[in-house]
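Shown here: coords38.cif, mmCIF, C-alpha atoms.
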```cif
data_run
#
loop_
_atom_site.group_PDB
_atom_site.id
_atom_site.type_symbol
_atom_site.label_atom_id
_atom_site.label_comp_id
_atom_site.auth_asym_id
_atom_site.auth_seq_id
_atom_site.Cartn_x
_atom_site.Cartn_y
_atom_site.Cartn_z
ATOM 1 C CA MET A 105 -6.385 2.085 9.438
ATOM 2 C CA VAL A 106 -7.444 3.792 6.239
ATOM 3 C CA LYS A 107 -4.869 4.897 3.682
ATOM 4 C CA LEU A 108 -5.197 8.232 1.895
ATOM 5 C CA PHE A 109 -3.432 9.768 -1.073
ATOM 6 C CA ILE A 110 -2.960 13.528 -0.928
ATOM 7 C CA GLY A 111 -1.486 15.467 -3.819
ATOM 8 C CA GLY A 112 -1.189 18.974 -5.163
ATOM 9 C CA PHE A 113 0.253 20.592 -2.071
ATOM 10 C CA PRO A 114 3.186 23.062 -2.179
ATOM 11 C CA LEU A 115 6.633 21.510 -2.571
ATOM 12 C CA ASN A 116 8.004 23.301 0.498
ATOM 13 C CA ILE A 117 5.487 21.805 2.949
ATOM 14 C CA SER A 118 6.829 19.664 5.808
ATOM 15 C CA GLU A 119 5.404 16.500 7.346
ATOM 16 C CA LEU A 120 4.407 18.446 10.458
ATOM 17 C CA GLU A 121 2.507 21.084 8.480
ATOM 18 C CA LEU A 122 0.715 18.378 6.496
ATOM 19 C CA VAL A 123 -0.282 16.522 9.660
ATOM 20 C CA GLN A 124 -1.528 19.763 11.235
ATOM 21 C CA LEU A 125 -3.642 20.461 8.151
ATOM 22 C CA VAL A 126 -5.241 16.999 7.971
ATOM 23 C CA SER A 127 -5.528 16.340 11.715
ATOM 24 C CA LEU A 128 -8.157 19.092 11.990
ATOM 25 C CA HIS A 129 -10.535 16.614 10.344
ATOM 26 C CA GLY A 130 -9.447 13.317 11.935
ATOM 27 C CA THR A 131 -6.673 11.389 13.657
ATOM 28 C CA VAL A 132 -3.567 10.861 11.508
ATOM 29 C CA SER A 133 -1.464 7.769 12.258
ATOM 30 C CA THR A 134 1.377 8.049 9.747
ATOM 31 C CA VAL A 135 2.585 10.423 7.035
ATOM 32 C CA LYS A 136 4.982 9.729 4.169
ATOM 33 C CA ILE A 137 5.807 12.624 1.844
ATOM 34 C CA VAL A 138 7.332 11.269 -1.360
ATOM 35 C CA ARG A 139 10.645 12.948 -2.172
ATOM 36 C CA ASP A 140 13.208 12.691 -4.961
ATOM 37 C CA LYS A 141 15.921 10.218 -3.928
ATOM 38 C CA LYS A 142 18.818 12.316 -5.194
ATOM 39 C CA THR A 143 17.746 15.853 -4.322
ATOM 40 C CA GLY A 144 15.356 15.242 -1.426
ATOM 41 C CA ILE A 145 12.865 17.698 -2.924
ATOM 42 C CA CYS A 146 9.186 16.933 -2.379
ATOM 43 C CA LYS A 147 7.362 15.550 -5.430
ATOM 44 C CA GLY A 148 4.060 17.127 -4.386
ATOM 45 C CA TYR A 149 2.219 14.097 -3.053
ATOM 46 C CA ALA A 150 2.091 12.014 0.096
ATOM 47 C CA PHE A 151 0.436 9.006 1.696
ATOM 48 C CA LEU A 152 -1.385 9.219 5.024
ATOM 49 C CA GLU A 153 -2.957 6.668 7.331
ATOM 50 C CA MET A 154 -6.045 7.729 9.249
ATOM 51 C CA LYS A 155 -7.378 5.939 12.350
ATOM 52 C CA SER A 156 -10.871 5.288 10.973
ATOM 53 C CA MET A 157 -12.939 5.455 7.814
ATOM 54 C CA THR A 158 -15.016 8.337 9.204
ATOM 55 C CA ASP A 159 -11.833 10.363 9.787
ATOM 56 C CA ALA A 160 -10.728 9.672 6.212
ATOM 57 C CA VAL A 161 -14.113 10.613 4.736
ATOM 58 C CA ASN A 162 -14.189 13.831 6.797
ATOM 59 C CA ALA A 163 -10.680 14.782 5.623
ATOM 60 C CA VAL A 164 -11.513 14.122 1.967
ATOM 61 C CA ALA A 165 -14.788 16.061 2.197
ATOM 62 C CA ALA A 166 -13.116 19.050 3.859
ATOM 63 C CA LEU A 167 -9.819 19.246 1.967
ATOM 64 C CA ASN A 168 -10.409 17.866 -1.546
ATOM 65 C CA GLY A 169 -10.218 20.812 -3.949
ATOM 66 C CA ARG A 170 -9.048 23.270 -1.274
ATOM 67 C CA VAL A 171 -6.500 25.761 -2.654
ATOM 68 C CA ILE A 172 -3.203 26.231 -0.797
ATOM 69 C CA ASP A 173 -0.579 28.600 -2.253
ATOM 70 C CA GLY A 174 -2.363 28.584 -5.614
ATOM 71 C CA GLN A 175 -2.563 24.776 -5.860
ATOM 72 C CA ALA A 176 -5.687 22.657 -5.364
ATOM 73 C CA LEU A 177 -5.372 19.673 -3.047
ATOM 74 C CA SER A 178 -6.469 16.246 -4.225
ATOM 75 C CA LEU A 179 -7.371 13.592 -1.646
ATOM 76 C CA LYS A 180 -8.388 10.021 -2.416
ATOM 77 C CA ILE A 181 -9.107 7.029 -0.207
ATOM 78 C CA ASN A 182 -7.146 3.895 -1.102
ATOM 79 C CA LYS A 183 -9.546 1.356 -2.617
ATOM 80 C CA GLU A 184 -7.834 -1.586 -0.911
ATOM 81 C CA THR A 185 -8.847 -0.280 2.506
ATOM 82 C CA VAL A 186 -12.436 0.372 1.418
ATOM 83 C CA ALA A 187 -13.298 -3.268 0.614
ATOM 84 C CA PRO A 188 -11.697 -5.515 3.224
ATOM 85 C CA ALA A 189 -14.408 -8.146 2.597
ATOM 86 C CA ALA A 190 -12.780 -9.005 -0.733
ATOM 87 C CA THR A 191 -9.660 -10.232 1.058
ATOM 88 C CA LYS A 192 -11.332 -12.667 3.441
ATOM 89 C CA ALA A 193 -9.143 -15.524 4.531
ATOM 90 C CA LYS A 194 -10.312 -18.945 3.448
ATOM 91 C CA PRO A 195 -11.061 -21.430 6.216
ATOM 92 C CA ALA A 196 -8.355 -23.983 6.832
ATOM 93 C CA GLN A 197 -8.847 -27.237 5.006
ATOM 94 C CA ILE A 198 -8.917 -30.344 7.142
ATOM 95 C CA PRO A 199 -6.983 -33.245 5.606
ATOM 96 C CA SER A 200 -9.040 -36.328 4.878
ATOM 97 C CA PRO A 201 -8.495 -39.315 7.193
ATOM 98 C CA ASN A 202 -7.631 -41.599 4.248
ATOM 99 C CA PRO A 203 -5.141 -39.700 2.114
ATOM 100 C CA LYS A 204 -4.440 -40.985 -1.376
ATOM 101 C CA TYR A 205 -0.830 -41.168 -2.399
ATOM 102 C CA VAL A 206 0.402 -41.009 -5.945
ATOM 103 C CA LYS A 207 3.773 -42.487 -6.797
ATOM 104 C CA ILE A 208 5.960 -40.271 -8.893
ATOM 105 C CA GLU A 209 9.323 -41.154 -10.270
ATOM 106 C CA GLY A 210 12.188 -39.506 -8.488
ATOM 107 C CA PRO A 211 15.385 -37.983 -9.817
ATOM 108 C CA SER A 212 16.983 -41.416 -10.283
ATOM 109 C CA ALA A 213 14.634 -42.079 -13.203
ATOM 110 C CA ILE A 214 16.067 -39.130 -15.118
ATOM 111 C CA VAL A 215 19.411 -39.872 -16.744
ATOM 112 C CA LYS A 216 21.454 -36.988 -18.022
ATOM 113 C CA LYS A 217 23.910 -37.361 -20.845
ATOM 114 C CA LYS A 218 27.391 -36.344 -19.848
ATOM 115 C CA ARG A 219 29.891 -34.541 -22.005
ATOM 116 C CA PRO A 220 33.025 -36.458 -22.889
ATOM 117 C CA ARG A 221 36.150 -35.444 -21.016
ATOM 118 C CA LYS A 222 38.723 -33.249 -22.637
ATOM 119 C CA SER A 223 41.996 -34.995 -23.344
#
```

Show me the file's structure as structure tokens.
Amino acid sequence: MVKLFIGGFPLNISELELVQLVSLHGTVSTVKIVRDKKTGICKGYAFLEMKSMTDAVNAVAALNGRVIDGQALSLKINKETVAPAATKAKPAQIPSPNPKYVKIEGPSAIVKKKRPRKS
């Protein structure tokens, strides 16, 4: 999955219309139009997930800068999905057969001063 940012579209566009627009250039998995919490009015940008990187690149190439209702669209690929090699998992560490233990003093070694009781 490749995440895309799309902004600059008309505020009255619906999720379905946005999917129909982008799906001409690739397979769309999910759509999330960002809306104001109180009014529910669209803020003019959304986040999409495309099935593959080629779909995302095709959508950006075809739609970035395209004018709809007097507003130019802006599409960007999320950088986190571009470089998955940077988030490689480290191999599990095998514990050594002869572990070394270090003795630390427990809570009994710490003595707290108590306040005197009220009379």

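The two atoms in question, atom CA of A:Val126 and atom CA of A:Val106, are spaced 13.5 Å apart.
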
Original post:
Between atom CA of A:Asp173 and atom CA of A:Phe113, what is the distance, to one decimal in Å?
Top reply: 8.1 Å

Apply the PyMOL selection byres ((chain A and resi 137) around 12) to the file shown and report the selected residues as a PDB file with C-alpha atoms, keeping the file's coordinate frame.
```pdb
ATOM      1  CA  LEU A 108      -5.197   8.232   1.895  1.00  0.00           C
ATOM      2  CA  PHE A 109      -3.432   9.768  -1.073  1.00  0.00           C
ATOM      3  CA  ILE A 110      -2.960  13.528  -0.928  1.00  0.00           C
ATOM      4  CA  GLY A 111      -1.486  15.467  -3.819  1.00  0.00           C
ATOM      5  CA  GLY A 112      -1.189  18.974  -5.163  1.00  0.00           C
ATOM      6  CA  PHE A 113       0.253  20.592  -2.071  1.00  0.00           C
ATOM      7  CA  PRO A 114       3.186  23.062  -2.179  1.00  0.00           C
ATOM      8  CA  LEU A 115       6.633  21.510  -2.571  1.00  0.00           C
ATOM      9  CA  ASN A 116       8.004  23.301   0.498  1.00  0.00           C
ATOM     10  CA  ILE A 117       5.487  21.805   2.949  1.00  0.00           C
ATOM     11  CA  SER A 118       6.829  19.664   5.808  1.00  0.00           C
ATOM     12  CA  GLU A 119       5.404  16.500   7.346  1.00  0.00           C
ATOM     13  CA  LEU A 120       4.407  18.446  10.458  1.00  0.00           C
ATOM     14  CA  GLU A 121       2.507  21.084   8.480  1.00  0.00           C
ATOM     15  CA  LEU A 122       0.715  18.378   6.496  1.00  0.00           C
ATOM     16  CA  VAL A 123      -0.282  16.522   9.660  1.00  0.00           C
ATOM     17  CA  THR A 134       1.377   8.049   9.747  1.00  0.00           C
ATOM     18  CA  VAL A 135       2.585  10.423   7.035  1.00  0.00           C
ATOM     19  CA  LYS A 136       4.982   9.729   4.169  1.00  0.00           C
ATOM     20  CA  VAL A 138       7.332  11.269  -1.360  1.00  0.00           C
ATOM     21  CA  ARG A 139      10.645  12.948  -2.172  1.00  0.00           C
ATOM     22  CA  ASP A 140      13.208  12.691  -4.961  1.00  0.00           C
ATOM     23  CA  LYS A 141      15.921  10.218  -3.928  1.00  0.00           C
ATOM     24  CA  GLY A 144      15.356  15.242  -1.426  1.00  0.00           C
ATOM     25  CA  ILE A 145      12.865  17.698  -2.924  1.00  0.00           C
ATOM     26  CA  CYS A 146       9.186  16.933  -2.379  1.00  0.00           C
ATOM     27  CA  LYS A 147       7.362  15.550  -5.430  1.00  0.00           C
ATOM     28  CA  GLY A 148       4.060  17.127  -4.386  1.00  0.00           C
ATOM     29  CA  TYR A 149       2.219  14.097  -3.053  1.00  0.00           C
ATOM     30  CA  ALA A 150       2.091  12.014   0.096  1.00  0.00           C
ATOM     31  CA  PHE A 151       0.436   9.006   1.696  1.00  0.00           C
ATOM     32  CA  LEU A 152      -1.385   9.219   5.024  1.00  0.00           C
ATOM     33  CA  GLU A 153      -2.957   6.668   7.331  1.00  0.00           C
TER      34      GLU A 153
END
```

Edge lengths and centre, in Å to one decimal, as JSON: that's what I need for the box along x, y and z that holds all listed atoms of stretch 150-156 of chain A plus 5 Å on each side.
```
{"center_x": -4.4, "center_y": 8.7, "center_z": 6.2, "size_x": 23.0, "size_y": 16.7, "size_z": 22.3}
```

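Across A:Lys218, A:Lys142, A:Ser223, A:Leu128, the tightest approach to A:Val164 is made by A:Leu128 when counting all atoms listed in the file.
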
Original post:
If you measure from atom CA of A:Leu167 to atom CA of A:Asn182, what distance in Å do you get, rounded to one decimal?
Top reply: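 It comes out at 15.9 Å.
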
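Near stretch 158-162 of chain A, within 7 Å and counting all atoms listed in the file, sit Val106, His129, Gly130, Thr131, Met154, Lys155, Ala165 and Ala166 of chain A; same-chain residues fewer than 3 positions away were not included.
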
**OP:** Rank nothing, just name the residue among A:Lys107, A:Lys222, A:Lys180, A:Lys217 nearest to A:Ser156, using only C-alpha atoms.
**Re:**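 Of the candidates, the smallest distance to A:Ser156 is held by A:Lys107.
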
Can you tell me which residues surround A:Gly169 at a distance of at most 6 Å, considering only C-alpha atoms, apart from same-chain residues fewer than 6 positions away, and format the answer as an mmCIF file with C-alpha atoms, keeping the file's coordinate frame?
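Contents of the output file result_38.cif:
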```cif
data_model
loop_
_atom_site.group_PDB
_atom_site.id
_atom_site.type_symbol
_atom_site.label_atom_id
_atom_site.label_comp_id
_atom_site.auth_asym_id
_atom_site.auth_seq_id
_atom_site.Cartn_x
_atom_site.Cartn_y
_atom_site.Cartn_z
ATOM 1 C CA ALA A 176 -5.687 22.657 -5.364
ATOM 2 C CA LEU A 177 -5.372 19.673 -3.047
ATOM 3 C CA SER A 178 -6.469 16.246 -4.225
#
```
